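Participant: Input protein_17.txt, format and content: compact mmCIF, C-alpha atoms.
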# COMPACT_ATOMS: atom_id res chain seq x y z
CA MET N 1 110.09 94.73 93.47
CA SER N 2 112.05 92.86 90.86
CA LYS N 3 110.51 89.56 89.94
CA LYS N 4 112.89 88.30 87.25
CA LEU N 5 114.52 84.93 87.86
CA THR N 6 118.02 85.18 86.45
CA LEU N 7 120.13 83.31 88.96
CA SER N 8 122.46 80.42 88.24
CA ARG N 9 123.70 77.73 90.58
CA ARG N 10 127.24 79.03 90.11
CA ASP N 11 126.22 82.33 91.72
CA PHE N 12 125.63 80.60 95.02
CA VAL N 13 128.99 79.02 95.81
CA LEU N 14 129.39 79.50 99.55
CA THR N 15 132.90 80.65 100.37
CA GLY N 16 134.38 80.08 103.80
CA ALA N 17 135.70 83.64 103.86
CA ALA N 18 132.28 85.10 103.21
CA VAL N 19 130.67 83.11 105.98
CA THR N 20 133.46 84.00 108.36
CA ALA N 21 132.86 87.65 107.54
CA GLY N 22 129.16 87.21 108.24
CA LEU N 23 129.84 85.57 111.59
CA GLY N 24 132.66 87.82 112.65
CA LEU N 25 131.58 91.40 111.92
CA THR N 26 133.36 93.66 114.37
CA SER N 27 132.85 97.17 115.69
CA SER N 28 134.46 98.70 118.75
CA ARG N 29 131.26 100.59 119.53
CA VAL N 30 129.09 97.51 119.27
CA ARG N 31 131.52 95.39 121.28
CA ALA N 32 131.53 98.04 124.01
CA GLN N 33 127.75 97.77 124.21
CA GLY N 34 127.90 93.99 124.31
CA LEU N 35 125.88 93.69 121.11
CA THR N 36 126.37 91.24 118.25
CA PRO N 37 126.55 92.87 114.79
CA VAL N 38 124.00 91.49 112.32
CA SER N 39 123.66 92.29 108.60
CA PHE N 40 120.14 92.26 107.20
CA ARG N 41 119.37 92.80 103.51
CA LEU N 42 115.97 93.96 102.31
CA ASN N 43 114.55 92.73 99.02
CA TYR N 44 114.12 96.21 97.62
CA VAL N 45 114.38 99.87 98.51
CA ALA N 46 112.74 100.51 101.87
CA ASN N 47 108.96 100.88 101.65
CA ALA N 48 105.80 100.00 103.59
CA GLU N 49 106.50 96.29 103.99
CA HIS N 50 109.89 97.08 105.54
CA ALA N 51 108.58 99.48 108.18
CA PRO N 52 108.63 96.82 110.95
CA TYR N 53 112.42 96.48 110.72
CA PHE N 54 113.05 100.18 111.20
CA LEU N 55 110.52 100.15 114.02
CA ALA N 56 112.46 97.31 115.64
CA VAL N 57 115.61 99.41 115.56
CA GLN N 58 113.87 102.55 116.81
CA LYS N 59 112.10 100.81 119.70
CA GLY N 60 115.19 98.81 120.65
CA TYR N 61 113.72 95.36 119.95
CA TYR N 62 116.97 94.15 118.38
CA LYS N 63 119.10 95.77 121.06
CA ASP N 64 116.96 94.11 123.74
CA VAL N 65 118.06 90.70 122.45
CA GLY N 66 121.69 91.74 122.15
CA LEU N 67 121.80 92.55 118.45
CA ASP N 68 123.03 95.55 116.48
CA VAL N 69 121.22 95.15 113.16
CA LYS N 70 122.41 96.94 110.04
CA ILE N 71 119.58 97.20 107.49
CA THR N 72 120.63 97.52 103.84
CA PRO N 73 118.22 98.21 100.94
CA GLY N 74 118.05 95.55 98.23
CA ASN N 75 117.84 95.27 94.48
CA GLY N 76 115.19 92.57 94.18
CA SER N 77 114.43 89.34 96.03
CA ASN N 78 116.63 87.21 93.82
CA ASP N 79 119.64 89.41 94.43
CA THR N 80 119.01 89.28 98.18
CA VAL N 81 118.83 85.47 98.11
CA LYS N 82 122.10 85.44 96.18
CA LEU N 83 123.87 87.66 98.71
CA VAL N 84 122.60 85.78 101.76
CA GLY N 85 123.33 82.43 100.16
CA ALA N 86 126.91 83.52 99.45
CA GLY N 87 127.37 84.60 103.05
CA ASN N 88 127.76 88.27 102.17
CA GLU N 89 124.71 88.99 104.30
CA MET N 90 123.53 87.03 107.33
CA PHE N 91 119.77 87.44 106.98
CA GLY N 92 117.33 88.74 104.41
CA VAL N 93 113.70 89.16 103.46
CA ALA N 94 112.40 88.07 100.06
CA VAL N 95 109.35 86.73 98.27
CA SER N 96 108.84 82.99 98.63
CA ASP N 97 109.48 82.17 94.98
CA ALA N 98 113.02 83.58 95.18
CA VAL N 99 113.76 81.59 98.34
CA ALA N 100 112.21 78.38 96.96
CA THR N 101 113.82 78.77 93.54
CA GLY N 102 117.18 79.45 95.12
CA ARG N 103 116.91 76.43 97.39
CA GLY N 104 115.91 74.33 94.39
CA ARG N 105 119.17 75.36 92.74
CA GLY N 106 121.26 74.43 95.73
CA VAL N 107 121.46 77.84 97.38
CA PRO N 108 122.21 77.44 101.12
CA VAL N 109 119.35 79.53 102.53
CA VAL N 110 116.70 78.52 105.05
CA SER N 111 113.44 80.17 106.04
CA LEU N 112 113.14 81.49 109.60
CA ALA N 113 109.51 82.63 109.34
CA VAL N 114 106.75 83.34 106.86
CA LEU N 115 105.64 86.96 107.20
CA LEU N 116 102.83 86.85 104.64
CA GLN N 117 100.81 83.65 104.54
CA GLN N 118 99.31 84.71 101.21
CA SER N 119 101.17 86.01 98.21
CA PRO N 120 100.02 89.49 97.13
CA ASN N 121 100.07 88.44 93.46
CA VAL N 122 96.56 88.94 92.07
CA LEU N 123 94.78 89.22 88.73
CA MET N 124 93.52 92.75 88.25
CA SER N 125 91.24 94.27 85.66
CA LEU N 126 89.30 97.47 85.22
CA GLU N 127 85.84 97.32 86.77
CA SER N 128 84.33 98.06 83.36
CA THR N 129 85.57 94.72 81.96
CA GLY N 130 83.22 92.77 84.20
CA ILE N 131 85.92 90.18 84.96
CA GLN N 132 84.99 88.76 88.34
CA ALA N 133 85.42 85.00 87.91
CA PRO N 134 87.96 82.92 85.96
CA THR N 135 85.57 82.06 83.12
CA ASP N 136 84.96 85.78 82.56
CA LEU N 137 88.43 85.79 81.01
CA TYR N 138 87.17 83.93 77.95
CA GLY N 139 87.39 86.20 74.95
CA LYS N 140 89.53 88.67 76.89
CA HIS N 141 93.13 89.83 76.45
CA VAL N 142 95.53 89.07 79.32
CA GLY N 143 99.02 90.57 79.46
CA VAL N 144 101.76 89.04 81.60
CA ASP N 145 105.56 88.98 81.69
CA THR N 146 106.44 85.34 81.02
CA ARG N 147 109.81 85.71 82.78
CA SER N 148 108.33 86.84 86.06
CA THR N 149 106.71 85.46 89.17
CA ASP N 150 103.43 86.80 87.79
CA TYR N 151 103.55 84.17 85.06
CA ALA N 152 103.85 81.41 87.63
CA PHE N 153 100.66 82.57 89.30
CA TRP N 154 98.91 82.98 85.94
CA LYS N 155 99.79 79.43 84.87
CA ALA N 156 98.78 78.04 88.26
CA LEU N 157 95.45 79.91 88.12
CA VAL N 158 94.68 78.54 84.65
CA LYS N 159 95.50 75.02 85.82
CA SER N 160 93.62 75.17 89.12
CA THR N 161 90.43 76.52 87.52
CA ASN N 162 90.59 74.27 84.44
CA LEU N 163 90.45 77.23 82.08
CA ASP N 164 90.76 76.60 78.34
CA PRO N 165 93.82 78.66 77.26
CA SER N 166 92.65 78.64 73.64
CA LYS N 167 89.76 80.89 74.63
CA ILE N 168 92.01 83.58 76.13
CA GLN N 169 94.42 85.87 74.29
CA VAL N 170 97.64 85.99 76.28
CA THR N 171 100.43 88.41 75.40
CA ASP N 172 103.96 88.42 76.79
CA LEU N 173 104.53 91.97 78.01
CA GLY N 174 108.25 91.56 78.57
CA ASP N 175 109.51 94.70 80.27
CA GLY N 176 106.43 96.70 79.30
CA SER N 177 104.37 98.41 81.99
CA ALA N 178 101.42 96.13 82.69
CA THR N 179 99.62 98.82 84.69
CA ALA N 180 99.94 101.41 81.91
CA LEU N 181 98.63 98.94 79.33
CA LEU N 182 95.74 98.03 81.60
CA LEU N 183 94.76 101.65 82.18
CA SER N 184 94.97 102.41 78.46
CA LYS N 185 92.75 99.36 77.82
CA ALA N 186 95.35 97.77 75.56
CA ILE N 187 94.84 94.65 77.68
CA ASP N 188 91.85 93.55 79.74
CA ALA N 189 93.64 91.98 82.69
CA THR N 190 97.09 91.42 84.14
CA MET N 191 98.81 90.01 87.19
CA GLY N 192 100.12 92.48 89.76
CA LEU N 193 100.76 93.03 93.44
CA ALA N 194 97.77 93.91 95.61
CA THR N 195 100.20 95.63 97.98
CA ASN N 196 101.63 97.81 95.24
CA GLU N 197 99.97 98.20 91.82
CA VAL N 198 96.42 97.70 93.09
CA VAL N 199 96.84 100.23 95.89
CA ALA N 200 98.50 102.74 93.55
CA VAL N 201 95.83 102.49 90.85
CA GLU N 202 92.90 102.65 93.23
CA SER N 203 94.42 105.60 95.09
CA GLU N 204 94.08 107.54 91.83
CA GLY N 205 90.35 106.84 91.75
CA THR N 206 90.28 103.98 89.24
CA LYS N 207 88.08 101.06 90.28
CA LEU N 208 89.45 97.56 89.79
CA ASN N 209 88.19 94.02 89.93
CA VAL N 210 90.74 91.95 91.83
CA MET N 211 90.84 88.16 91.60
CA GLU N 212 92.73 86.41 94.41
CA PRO N 213 94.42 83.22 93.09
CA GLY N 214 94.43 81.84 96.63
CA LYS N 215 90.65 81.62 96.59
CA TYR N 216 90.90 79.36 93.56
CA GLY N 217 93.38 76.88 95.00
CA VAL N 218 96.63 78.64 94.10
CA GLN N 219 98.41 78.64 97.45
CA ALA N 220 101.80 80.28 97.94
CA TYR N 221 103.54 82.11 100.72
CA GLY N 222 104.40 85.79 100.31
CA GLN N 223 107.24 87.51 102.17
CA VAL N 224 109.75 85.25 103.93
CA LEU N 225 112.37 86.00 106.59
CA PHE N 226 115.41 83.82 105.88
CA GLY N 227 119.07 83.34 106.61
CA ASN N 228 122.30 81.80 105.42
CA GLU N 229 122.06 78.10 106.32
CA GLN N 230 125.61 77.77 107.62
CA ILE N 231 125.31 80.85 109.81
CA VAL N 232 121.95 79.70 111.19
CA THR N 233 123.32 76.20 111.86
CA LYS N 234 126.50 77.40 113.55
CA ASN N 235 124.77 80.05 115.63
CA PRO N 236 121.13 79.01 116.18
CA ASP N 237 120.74 81.29 119.19
CA LEU N 238 121.57 84.30 117.04
CA ALA N 239 118.95 83.25 114.50
CA VAL N 240 116.33 82.72 117.22
CA ARG N 241 116.97 86.16 118.71
CA PHE N 242 116.85 87.87 115.33
CA ARG N 243 113.63 86.05 114.43
CA SER N 244 111.88 86.81 117.73
CA ALA N 245 112.69 90.53 117.65
CA THR N 246 111.62 90.81 114.01
CA LEU N 247 108.29 89.05 114.58
CA LYS N 248 107.66 91.23 117.63
CA ALA N 249 108.12 94.30 115.45
CA TRP N 250 105.76 92.96 112.80
CA GLU N 251 103.06 92.18 115.34
CA TYR N 252 103.40 95.65 116.86
CA THR N 253 103.22 97.22 113.40
CA ILE N 254 99.97 95.44 112.57
CA ASP N 255 98.35 97.24 115.51
CA HIS N 256 100.29 100.51 115.13
CA VAL N 257 100.80 101.12 111.41
CA ASP N 258 101.13 104.89 111.74
CA GLU N 259 103.94 104.52 114.28
CA ALA N 260 105.82 102.06 112.08
CA ILE N 261 105.51 104.27 109.00
CA ALA N 262 106.81 107.17 111.09
CA ALA N 263 109.87 105.06 111.93
CA LEU N 264 110.31 104.32 108.23
CA LYS N 265 110.01 108.03 107.44
CA GLU N 266 112.68 108.88 110.00
CA ALA N 267 115.07 106.36 108.47
CA VAL N 268 114.12 107.13 104.85
CA PRO N 269 113.09 110.81 104.58
CA ALA N 270 111.79 110.37 101.01
CA THR N 271 108.98 108.12 102.30
CA ASP N 272 105.49 109.22 101.21
CA ILE N 273 103.56 108.61 104.43
CA ALA N 274 100.09 108.49 102.84
CA SER N 275 100.92 106.02 100.06
CA GLU N 276 103.02 103.73 102.26
CA THR N 277 100.36 103.69 104.99
CA ALA N 278 97.70 102.77 102.41
CA LYS N 279 99.62 99.63 101.45
CA TRP N 280 99.05 98.13 104.89
CA LYS N 281 95.34 97.66 104.19
CA GLU N 282 96.49 94.95 101.75
CA ILE N 283 99.47 93.71 103.76
CA ILE N 284 97.66 92.96 107.02
CA PRO N 285 95.05 90.50 105.63
CA ARG N 286 97.88 88.54 104.02
CA THR N 287 99.54 87.85 107.36
CA LYS N 288 96.78 85.25 107.83
CA PRO N 289 95.85 82.19 105.73
CA VAL N 290 93.43 82.67 102.85
CA ASP N 291 90.54 81.39 105.00
CA GLY N 292 91.26 84.11 107.57
CA SER N 293 91.99 81.66 110.37
CA SER N 294 94.22 82.70 113.25
CA ILE N 295 97.66 81.14 113.52
CA PRO N 296 100.79 82.28 115.35
CA PHE N 297 102.45 85.06 113.37
CA GLY N 298 105.41 83.80 111.34
CA THR N 299 104.09 80.23 111.10
CA GLN N 300 105.43 78.03 108.32
CA THR N 301 104.68 74.38 107.63
CA VAL N 302 105.96 71.64 105.37
CA ALA N 303 102.52 71.50 103.73
CA GLY N 304 102.54 75.25 103.15
CA TRP N 305 105.94 75.15 101.53
CA GLN N 306 104.91 72.18 99.40
CA LYS N 307 101.98 74.17 97.99
CA THR N 308 104.29 77.11 97.38
CA ILE N 309 106.84 74.95 95.60
CA ASP N 310 104.13 73.30 93.48
CA THR N 311 102.93 76.72 92.31
CA PHE N 312 106.37 77.69 91.02
CA LYS N 313 107.15 74.26 89.59
CA ALA N 314 104.03 74.63 87.44
CA ALA N 315 105.76 77.53 85.71
CA ASP N 316 109.09 75.69 85.41
CA LEU N 317 110.77 78.10 87.83
CA ILE N 318 112.24 75.39 90.06
CA ASP N 319 114.92 73.32 88.39
CA GLN N 320 115.47 70.56 90.93
CA ASP N 321 113.15 68.68 93.23
CA PHE N 322 113.80 69.00 96.95
CA LYS N 323 111.93 68.16 100.10
CA PRO N 324 109.98 71.13 101.46
CA ASP N 325 111.25 70.51 105.00
CA GLU N 326 114.77 71.32 103.77
CA ILE N 327 113.82 74.97 103.38
CA ILE N 328 112.66 75.39 107.00
CA ALA N 329 115.38 76.36 109.47
CA LYS N 330 115.62 73.88 112.32
CA THR N 331 115.65 76.84 114.71
CA ALA N 332 112.30 78.17 113.40
CA GLY N 333 109.47 77.93 115.87
The structure given in the file should be rewritten as structure tokens.

Facilitator:
Amino acid sequence: MSKKLTLSRRDFVLTGAAVTAGLGLTSSRVRAQGLTPVSFRLNYVANAEHAPYFLAVQKGYYKDVGLDVKITPGNGSNDTVKLVGAGNEMFGVAVSDAVATGRGRGVPVVSLAVLLQQSPNVLMSLESTGIQAPTDLYGKHVGVDTRSTDYAFWKALVKSTNLDPSKIQVTDLGDGSATALLLSKAIDATMGLATNEVVAVESEGTKLNVMEPGKYGVQAYGQVLFGNEQIVTKNPDLAVRFRSATLKAWEYTIDHVDEAIAALKEAVPATDIASETAKWKEIIPRTKPVDGSSIPFGTQTVAGWQKTIDTFKAADLIDQDFKPDEIIAKTAG
């Protein structure tokens, strides 16, 4: 997924026409069935983490609550936040930093539910480096893209563990492939997604050491289900129905991954069943807090959003202060 933060406040001007379009989508077929059309934008091309939405369509979860949901692939979380904020899409899914950063720049989006209680951003290194604890990074070479979400987690990890930056060589990788540089041993460690890069590398037989920032006090939400604030405010029942059907699909997927991936495959024939199924071994644990405690799926709290916001503020990714309760939709349970 794209993790660059290149949005401006100007991009998020909410036009009345766009919102009207979002509220008033029409289709003779849908009207005949008594369903309400809903536009839903993914944060990237459809992959493992999006399987629940296609499952919801296949099993009729959306139809059961009177919705006809059109799922559209995305081009990165920030782009999805931009489109939903402008009213060009009604709902979307994105990583928490894009939603929080957008809200901090005045983008009218609100979170309906947190799908991943833990961000999948982790510090990974080859097993041979022996990097297992933060202080093992002393004398090592870390590569990270300073314009990405990864950098926010790196800075937060350094701060939370009181590491001495002068003892670590840090290189800005820019658009370079962090995974390729790690495998070639050009760098000793890098930030990456446990649900993507880690799974891909380990599936090829390479053993990694993976450091979870959450275990060192860096707390941030992962995937977030969100909507256009004006649409959610004007039609709270619609938002509630969309949220409930989506969470139902996620909970079913957690217990029936193979079935959900099959639904994804049917919708997206190019899906590699084995690789996308493997990602769920990393996705499922992150649907719970870092301590593994049980909470209702989709839970979000003011305290949780505050920790998330603090993580991204540490990397100067949030321009304006705002109260964390502003990001939570009033209709969210």

Participant: At what distance in Å, to one decimal, does atom CA of N:Leu264 lie from atom CA of N:Ile231?

Facilitator: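 It comes out at 27.9 Å.
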
Participant: So that I can check the surroundings of N:Lys159, please list as number ranges by chain every protein, DNA and RNA residue that reaches within 12 Å of it, counting all atoms listed in the file and ignoring chain neighbours fewer than 6 positions away.

Facilitator: N: 134, 152-153, 165, 213, 216-218, 310-311, 314-315

Participant: Just the number, please: distance in Å from atom CA of N:Gln118 to atom CA of N:Ala46, one decimal.

Facilitator: 20.7 Å

Participant: How far is it from atom CA of N:Ile318 to atom CA of N:Leu193, in Å with one decimal?

Facilitator: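 Between atom CA of N:Ile318 and atom CA of N:Leu193 the gap is 21.3 Å.
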
Participant: Which polymer residues have any atom within 7 Å of an atom of N:Lys279, counting only C-alpha atoms, with same-chain residues fewer than 4 positions away left out, as a PDB file with C-alpha atoms, in the coordinates of the input?

Facilitator:
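Dumped everything to around.pdb:
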ATOM      1  CA  ALA N  48     105.800 100.000 103.590  1.00  0.00           C
ATOM      2  CA  THR N 195     100.200  95.630  97.980  1.00  0.00           C
ATOM      3  CA  ASN N 196     101.630  97.810  95.240  1.00  0.00           C
ATOM      4  CA  VAL N 199      96.840 100.230  95.890  1.00  0.00           C
ATOM      5  CA  SER N 275     100.920 106.020 100.060  1.00  0.00           C
ATOM      6  CA  ILE N 283      99.470  93.710 103.760  1.00  0.00           C
TER       7      ILE N 283
END

Participant: Using all atoms listed in the file, which of N:Ser184, N:Thr246, N:Gln306, N:Thr206 sits nearest N:Ala51?

Facilitator: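 Among the listed residues, the smallest separation from N:Ala51 belongs to N:Thr246.
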
Participant: What lies within 8 Å of N:Tyr53 using all atoms listed in the file, ignoring chain neighbours under 5 positions off, as an MDAnalysis selection string?

Facilitator: chainID N and resid 71 246 249:250
